[in-house]
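Comments concern the structure below.
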Amino acid sequence: MKAKEVVASYFEALGKGELEKALSSFTPDTKWCQPGDNQFAGLKNNLSEIIQMFQGIMIHTSGNMQVRPNGAMLESGNLIAVPVWFTAKTETKIMDLGGLDLFEVKDGKIIHVWTFSDDQSVDDEFFGK
């Protein structure tokens with residue numbers, strides 16, 4: 001599977017709420033760099049830490065957070081950049097915000113993810129410490 005197809009498959013599964021299938025695109029050693037100054041920010045060094053982050057986000061948002069592609073995937077070798085749109089809410093807050101996810105793919109698996117927000121202060125306020 002080509003790099004773009006791997007990332008497209010990840011987003012397709014994520015869009016259907018099939019987290020286990022989405023994460024099957026990762027290796028046990030995949031790294032995830034989550035920016036900001038909030039409870040989910042920082043480098044996740046393996047799939048277990050990524051799963052913990054996702055579970056925490058789902059608890060924080062009562063399972064309603066959605067991330068979807070919001071434009072064409074751009075490819076440069078094994079790097080895929082995807083404009084994304086995030087929507088989520090809690091009892092008192094709503095997040096409706098764009099960003100960009102950058103994926104590094106090797107041997108048909110996602111090995112590193114970097115996420116970028118259009119407004120990191122909105123992310124930080126939404127997710128808190």
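Each chain of the structure tokens is named A, B, ... in the order shown, its residues numbered from 1; ligands are numbered from 1 in display order.
The list of residues with at least one atom within 8 Å of A:Thr115, based on only C-alpha atoms and without residues fewer than 2 positions apart in the same chain, reads Cys33, Gln34, Pro35, Gly99, Leu100, Asp101, Leu102, Val113 and Ser117 of chain A.
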For N, CA, C and O atoms, I'd like the residues from the last selection saved as a PDB file, in the first residue's frame.
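Contents of again07.pdb, as written:
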```
ATOM      1  N   CYS A  33       3.333  13.388  17.892  1.00  0.00           N
ATOM      2  CA  CYS A  33       3.694  14.665  18.506  1.00  0.00           C
ATOM      3  C   CYS A  33       2.446  15.551  18.560  1.00  0.00           C
ATOM      4  O   CYS A  33       1.962  16.015  17.533  1.00  0.00           O
ATOM      5  N   GLN A  34       1.920  15.740  19.762  1.00  0.00           N
ATOM      6  CA  GLN A  34       0.713  16.539  19.992  1.00  0.00           C
ATOM      7  C   GLN A  34       1.144  17.876  20.578  1.00  0.00           C
ATOM      8  O   GLN A  34       1.659  17.928  21.687  1.00  0.00           O
ATOM      9  N   PRO A  35       0.961  18.969  19.847  1.00  0.00           N
ATOM     10  CA  PRO A  35       1.464  20.262  20.320  1.00  0.00           C
ATOM     11  C   PRO A  35       0.608  20.848  21.434  1.00  0.00           C
ATOM     12  O   PRO A  35      -0.465  20.347  21.746  1.00  0.00           O
ATOM     13  N   GLY A  99      -6.802  22.453  11.059  1.00  0.00           N
ATOM     14  CA  GLY A  99      -5.414  22.151  11.382  1.00  0.00           C
ATOM     15  C   GLY A  99      -4.782  21.354  10.255  1.00  0.00           C
ATOM     16  O   GLY A  99      -5.306  21.287   9.137  1.00  0.00           O
ATOM     17  N   LEU A 100      -3.664  20.748  10.561  1.00  0.00           N
ATOM     18  CA  LEU A 100      -2.951  19.935   9.586  1.00  0.00           C
ATOM     19  C   LEU A 100      -2.315  18.770  10.319  1.00  0.00           C
ATOM     20  O   LEU A 100      -1.744  18.950  11.402  1.00  0.00           O
ATOM     21  N   ASP A 101      -2.431  17.581   9.749  1.00  0.00           N
ATOM     22  CA  ASP A 101      -1.746  16.409  10.281  1.00  0.00           C
ATOM     23  C   ASP A 101      -0.698  15.983   9.269  1.00  0.00           C
ATOM     24  O   ASP A 101      -0.979  15.920   8.065  1.00  0.00           O
ATOM     25  N   LEU A 102       0.499  15.698   9.750  1.00  0.00           N
ATOM     26  CA  LEU A 102       1.599  15.254   8.909  1.00  0.00           C
ATOM     27  C   LEU A 102       1.979  13.842   9.337  1.00  0.00           C
ATOM     28  O   LEU A 102       2.235  13.595  10.518  1.00  0.00           O
ATOM     29  N   VAL A 113       3.528  10.801  13.536  1.00  0.00           N
ATOM     30  CA  VAL A 113       2.462  11.774  13.264  1.00  0.00           C
ATOM     31  C   VAL A 113       2.794  13.065  13.995  1.00  0.00           C
ATOM     32  O   VAL A 113       3.175  13.045  15.165  1.00  0.00           O
ATOM     33  N   SER A 117      -2.425  22.859  14.816  1.00  0.00           N
ATOM     34  CA  SER A 117      -3.728  23.489  14.968  1.00  0.00           C
ATOM     35  C   SER A 117      -3.721  24.874  14.336  1.00  0.00           C
ATOM     36  O   SER A 117      -2.713  25.579  14.404  1.00  0.00           O
TER      37      SER A 117
END
```
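For the choices A:Val122, A:Gly108, A:Tyr10, A:Ile59, the atom-to-atom distance to A:Phe86 is smallest for A:Val122 when using only C-alpha atoms.
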request  = Taking the chain letters and numbering used in this document, name the residues of chain A that DSSP puts in helix (DSSP H, G or I), as a PyMOL selection string.
outcome  = chain A and resi 3-15+19-23+47-60+120-127
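Of the listed residues (A:His112, A:Lys106, A:Lys93, A:Lys16), A:Lys16 comes nearest to A:Gln66; the distances count only C-alpha atoms.
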inquiry  = List as a PyMOL selection string the protein and nucleic acid residues near A:Glu125, meaning an atom at most 12 Å away when only C-alpha atoms are counted, but skip any in the same chain fewer than 3 places from it.
reply    = chain A and resi 36-40+90+92-95+119-122+128-129
Produce a file of the selected residues containing C-alpha atoms, as a tab-separated table (two decimals), in the first residue's frame.
```tsv
chain	number	residue	atom	x	y	z
A	36	GLY	CA	0.30	22.69	22.91
A	37	ASP	CA	0.01	23.19	26.62
A	38	ASN	CA	-2.86	20.93	27.60
A	39	GLN	CA	-3.43	17.54	29.20
A	40	PHE	CA	-2.90	15.67	25.90
A	90	THR	CA	-18.04	19.11	26.29
A	92	THR	CA	-19.53	23.78	28.51
A	93	LYS	CA	-17.22	24.14	25.48
A	94	ILE	CA	-17.27	23.64	21.72
A	95	MET	CA	-14.27	23.24	19.43
A	119	ASP	CA	-5.19	28.16	16.73
A	120	GLN	CA	-3.34	26.28	19.46
A	121	SER	CA	-4.76	28.51	22.19
A	122	VAL	CA	-8.27	27.24	21.31
A	128	GLY	CA	-7.27	22.15	29.67
A	129	LYS	CA	-4.52	20.85	31.93
```
Please list as a PDB file with N, CA and C atoms, in the first residue's frame every residue within 8 Å of A:Val105, counting only C-alpha atoms and excluding residues in the same chain fewer than 4 positions away.
```pdb
ATOM      1  N   ALA A   3       1.923   5.256   0.541  1.00  0.00           N
ATOM      2  CA  ALA A   3       1.793   6.113   1.724  1.00  0.00           C
ATOM      3  C   ALA A   3       0.440   6.819   1.777  1.00  0.00           C
ATOM      4  N   VAL A   6      -2.331   4.454   2.782  1.00  0.00           N
ATOM      5  CA  VAL A   6      -2.282   4.109   4.202  1.00  0.00           C
ATOM      6  C   VAL A   6      -2.977   5.192   5.023  1.00  0.00           C
ATOM      7  N   ASN A  78       7.659   9.763   1.483  1.00  0.00           N
ATOM      8  CA  ASN A  78       6.937   9.009   2.514  1.00  0.00           C
ATOM      9  C   ASN A  78       6.211   9.916   3.511  1.00  0.00           C
ATOM     10  N   LEU A  79       6.119  11.217   3.191  1.00  0.00           N
ATOM     11  CA  LEU A  79       5.406  12.167   4.048  1.00  0.00           C
ATOM     12  C   LEU A  79       4.078  12.549   3.399  1.00  0.00           C
ATOM     13  N   ILE A  80       3.017  12.533   4.197  1.00  0.00           N
ATOM     14  CA  ILE A  80       1.676  12.897   3.727  1.00  0.00           C
ATOM     15  C   ILE A  80       1.135  13.987   4.648  1.00  0.00           C
ATOM     16  N   LYS A 109       3.116   1.326   6.898  1.00  0.00           N
ATOM     17  CA  LYS A 109       2.626   1.661   8.239  1.00  0.00           C
ATOM     18  C   LYS A 109       2.982   3.103   8.582  1.00  0.00           C
ATOM     19  N   ILE A 110       2.131   3.741   9.363  1.00  0.00           N
ATOM     20  CA  ILE A 110       2.402   5.085   9.863  1.00  0.00           C
ATOM     21  C   ILE A 110       3.395   4.962  11.012  1.00  0.00           C
ATOM     22  N   ILE A 111       4.543   5.661  10.886  1.00  0.00           N
ATOM     23  CA  ILE A 111       5.564   5.550  11.928  1.00  0.00           C
ATOM     24  C   ILE A 111       5.712   6.825  12.763  1.00  0.00           C
ATOM     25  N   HIS A 112       5.180   7.946  12.258  1.00  0.00           N
ATOM     26  CA  HIS A 112       5.256   9.191  13.023  1.00  0.00           C
ATOM     27  C   HIS A 112       4.129  10.116  12.576  1.00  0.00           C
TER      28      HIS A 112
END
```
Residues of stretch 18-117 of chain A in strand (DSSP E or B), written as a ChimeraX atom specification = /A:26-34,42-44,66-69,74-76,79-89,94-106,109-117
Go ahead and write the residues just picked, N, CA and C atoms, as a compact mmCIF listing (two decimals), in the first residue's frame.
```
# COMPACT_ATOMS: atom_id res chain seq x y z
N PHE A 26 -0.75 1.78 12.35
CA PHE A 26 0.42 2.20 13.11
C PHE A 26 1.29 0.99 13.45
N THR A 27 2.54 1.25 13.81
CA THR A 27 3.41 0.20 14.34
C THR A 27 3.38 0.30 15.86
N PRO A 28 3.87 -0.71 16.56
CA PRO A 28 3.95 -0.60 18.03
C PRO A 28 4.84 0.57 18.48
N ASP A 29 5.75 1.01 17.62
CA ASP A 29 6.70 2.07 17.97
C ASP A 29 6.38 3.42 17.33
N THR A 30 5.19 3.56 16.76
CA THR A 30 4.80 4.82 16.14
C THR A 30 4.89 5.95 17.18
N LYS A 31 5.35 7.09 16.73
CA LYS A 31 5.44 8.28 17.59
C LYS A 31 4.37 9.28 17.16
N TRP A 32 3.85 10.04 18.12
CA TRP A 32 2.80 11.03 17.86
C TRP A 32 3.18 12.30 18.61
N CYS A 33 3.33 13.39 17.89
CA CYS A 33 3.69 14.67 18.51
C CYS A 33 2.45 15.55 18.56
N GLN A 34 1.92 15.74 19.76
CA GLN A 34 0.71 16.54 19.99
C GLN A 34 1.14 17.88 20.58
N GLY A 42 2.28 16.78 23.99
CA GLY A 42 3.56 16.13 24.21
C GLY A 42 3.79 14.99 23.24
N LEU A 43 4.97 14.45 23.29
CA LEU A 43 5.35 13.35 22.43
C LEU A 43 4.86 12.03 23.02
N LYS A 44 4.15 11.28 22.22
CA LYS A 44 3.74 9.92 22.58
C LYS A 44 4.74 9.00 21.89
N GLN A 66 -14.55 14.47 16.47
CA GLN A 66 -14.39 13.99 15.10
C GLN A 66 -13.25 14.75 14.44
N VAL A 67 -12.44 14.02 13.69
CA VAL A 67 -11.37 14.60 12.89
C VAL A 67 -11.56 14.08 11.48
N ARG A 68 -11.65 15.00 10.53
CA ARG A 68 -11.86 14.57 9.15
C ARG A 68 -10.96 15.37 8.22
N PRO A 69 -10.56 14.75 7.12
CA PRO A 69 -9.80 15.51 6.12
C PRO A 69 -10.62 16.69 5.63
N LEU A 74 -1.49 15.89 0.53
CA LEU A 74 -0.29 16.27 -0.21
C LEU A 74 0.81 15.28 0.11
N GLU A 75 1.52 14.85 -0.92
CA GLU A 75 2.50 13.79 -0.77
C GLU A 75 3.89 14.27 -1.17
N SER A 76 4.87 13.93 -0.35
CA SER A 76 6.27 14.18 -0.66
C SER A 76 7.05 12.96 -0.18
N LEU A 79 6.12 11.22 3.19
CA LEU A 79 5.41 12.17 4.05
C LEU A 79 4.08 12.55 3.40
N ILE A 80 3.02 12.53 4.20
CA ILE A 80 1.68 12.90 3.73
C ILE A 80 1.14 13.99 4.65
N ALA A 81 0.79 15.13 4.08
CA ALA A 81 0.20 16.24 4.83
C ALA A 81 -1.29 16.29 4.52
N VAL A 82 -2.10 16.39 5.57
CA VAL A 82 -3.54 16.37 5.40
C VAL A 82 -4.18 17.54 6.15
N PRO A 83 -4.80 18.49 5.42
CA PRO A 83 -5.59 19.50 6.12
C PRO A 83 -6.76 18.79 6.81
N VAL A 84 -7.02 19.14 8.05
CA VAL A 84 -8.07 18.46 8.81
C VAL A 84 -9.00 19.47 9.47
N TRP A 85 -10.17 18.99 9.87
CA TRP A 85 -11.12 19.79 10.64
C TRP A 85 -11.52 18.98 11.86
N PHE A 86 -11.42 19.62 13.04
CA PHE A 86 -11.76 19.00 14.32
C PHE A 86 -13.08 19.57 14.81
N THR A 87 -13.96 18.72 15.28
CA THR A 87 -15.15 19.17 15.99
C THR A 87 -15.30 18.33 17.25
N ALA A 88 -15.64 18.99 18.33
CA ALA A 88 -15.86 18.29 19.60
C ALA A 88 -16.59 19.24 20.55
N LYS A 89 -17.22 18.65 21.56
CA LYS A 89 -17.85 19.48 22.57
C LYS A 89 -17.82 18.77 23.91
N ILE A 94 -17.19 24.18 23.08
CA ILE A 94 -17.27 23.64 21.72
C ILE A 94 -15.96 23.98 21.00
N MET A 95 -15.44 22.99 20.26
CA MET A 95 -14.27 23.24 19.43
C MET A 95 -14.65 22.90 17.99
N ASP A 96 -14.40 23.83 17.11
CA ASP A 96 -14.70 23.70 15.68
C ASP A 96 -13.55 24.39 14.96
N LEU A 97 -12.52 23.63 14.58
CA LEU A 97 -11.23 24.23 14.26
C LEU A 97 -10.48 23.43 13.21
N GLY A 98 -9.77 24.12 12.36
CA GLY A 98 -8.93 23.48 11.36
C GLY A 98 -7.53 23.21 11.86
N GLY A 99 -6.80 22.45 11.06
CA GLY A 99 -5.41 22.15 11.38
C GLY A 99 -4.78 21.35 10.25
N LEU A 100 -3.66 20.75 10.56
CA LEU A 100 -2.95 19.93 9.59
C LEU A 100 -2.31 18.77 10.32
N ASP A 101 -2.43 17.58 9.75
CA ASP A 101 -1.75 16.41 10.28
C ASP A 101 -0.70 15.98 9.27
N LEU A 102 0.50 15.70 9.75
CA LEU A 102 1.60 15.25 8.91
C LEU A 102 1.98 13.84 9.34
N PHE A 103 1.98 12.93 8.36
CA PHE A 103 2.24 11.52 8.62
C PHE A 103 3.52 11.08 7.91
N GLU A 104 4.32 10.31 8.60
CA GLU A 104 5.45 9.64 7.95
C GLU A 104 5.10 8.16 7.86
N VAL A 105 5.20 7.62 6.65
CA VAL A 105 4.82 6.23 6.39
C VAL A 105 6.05 5.46 5.93
N LYS A 106 6.21 4.25 6.46
CA LYS A 106 7.31 3.38 6.06
C LYS A 106 6.81 1.94 6.02
N LYS A 109 3.12 1.33 6.90
CA LYS A 109 2.63 1.66 8.24
C LYS A 109 2.98 3.10 8.58
N ILE A 110 2.13 3.74 9.36
CA ILE A 110 2.40 5.09 9.86
C ILE A 110 3.39 4.96 11.01
N ILE A 111 4.54 5.66 10.89
CA ILE A 111 5.56 5.55 11.93
C ILE A 111 5.71 6.82 12.76
N HIS A 112 5.18 7.95 12.26
CA HIS A 112 5.26 9.19 13.02
C HIS A 112 4.13 10.12 12.58
N VAL A 113 3.53 10.80 13.54
CA VAL A 113 2.46 11.77 13.26
C VAL A 113 2.79 13.07 13.99
N TRP A 114 2.66 14.17 13.27
CA TRP A 114 2.77 15.50 13.86
C TRP A 114 1.44 16.20 13.60
N THR A 115 0.86 16.82 14.62
CA THR A 115 -0.40 17.53 14.42
C THR A 115 -0.17 19.02 14.63
N PHE A 116 -0.91 19.82 13.88
CA PHE A 116 -0.81 21.28 13.94
C PHE A 116 -2.23 21.83 14.01
N SER A 117 -2.42 22.86 14.82
CA SER A 117 -3.73 23.49 14.97
C SER A 117 -3.72 24.87 14.34
```
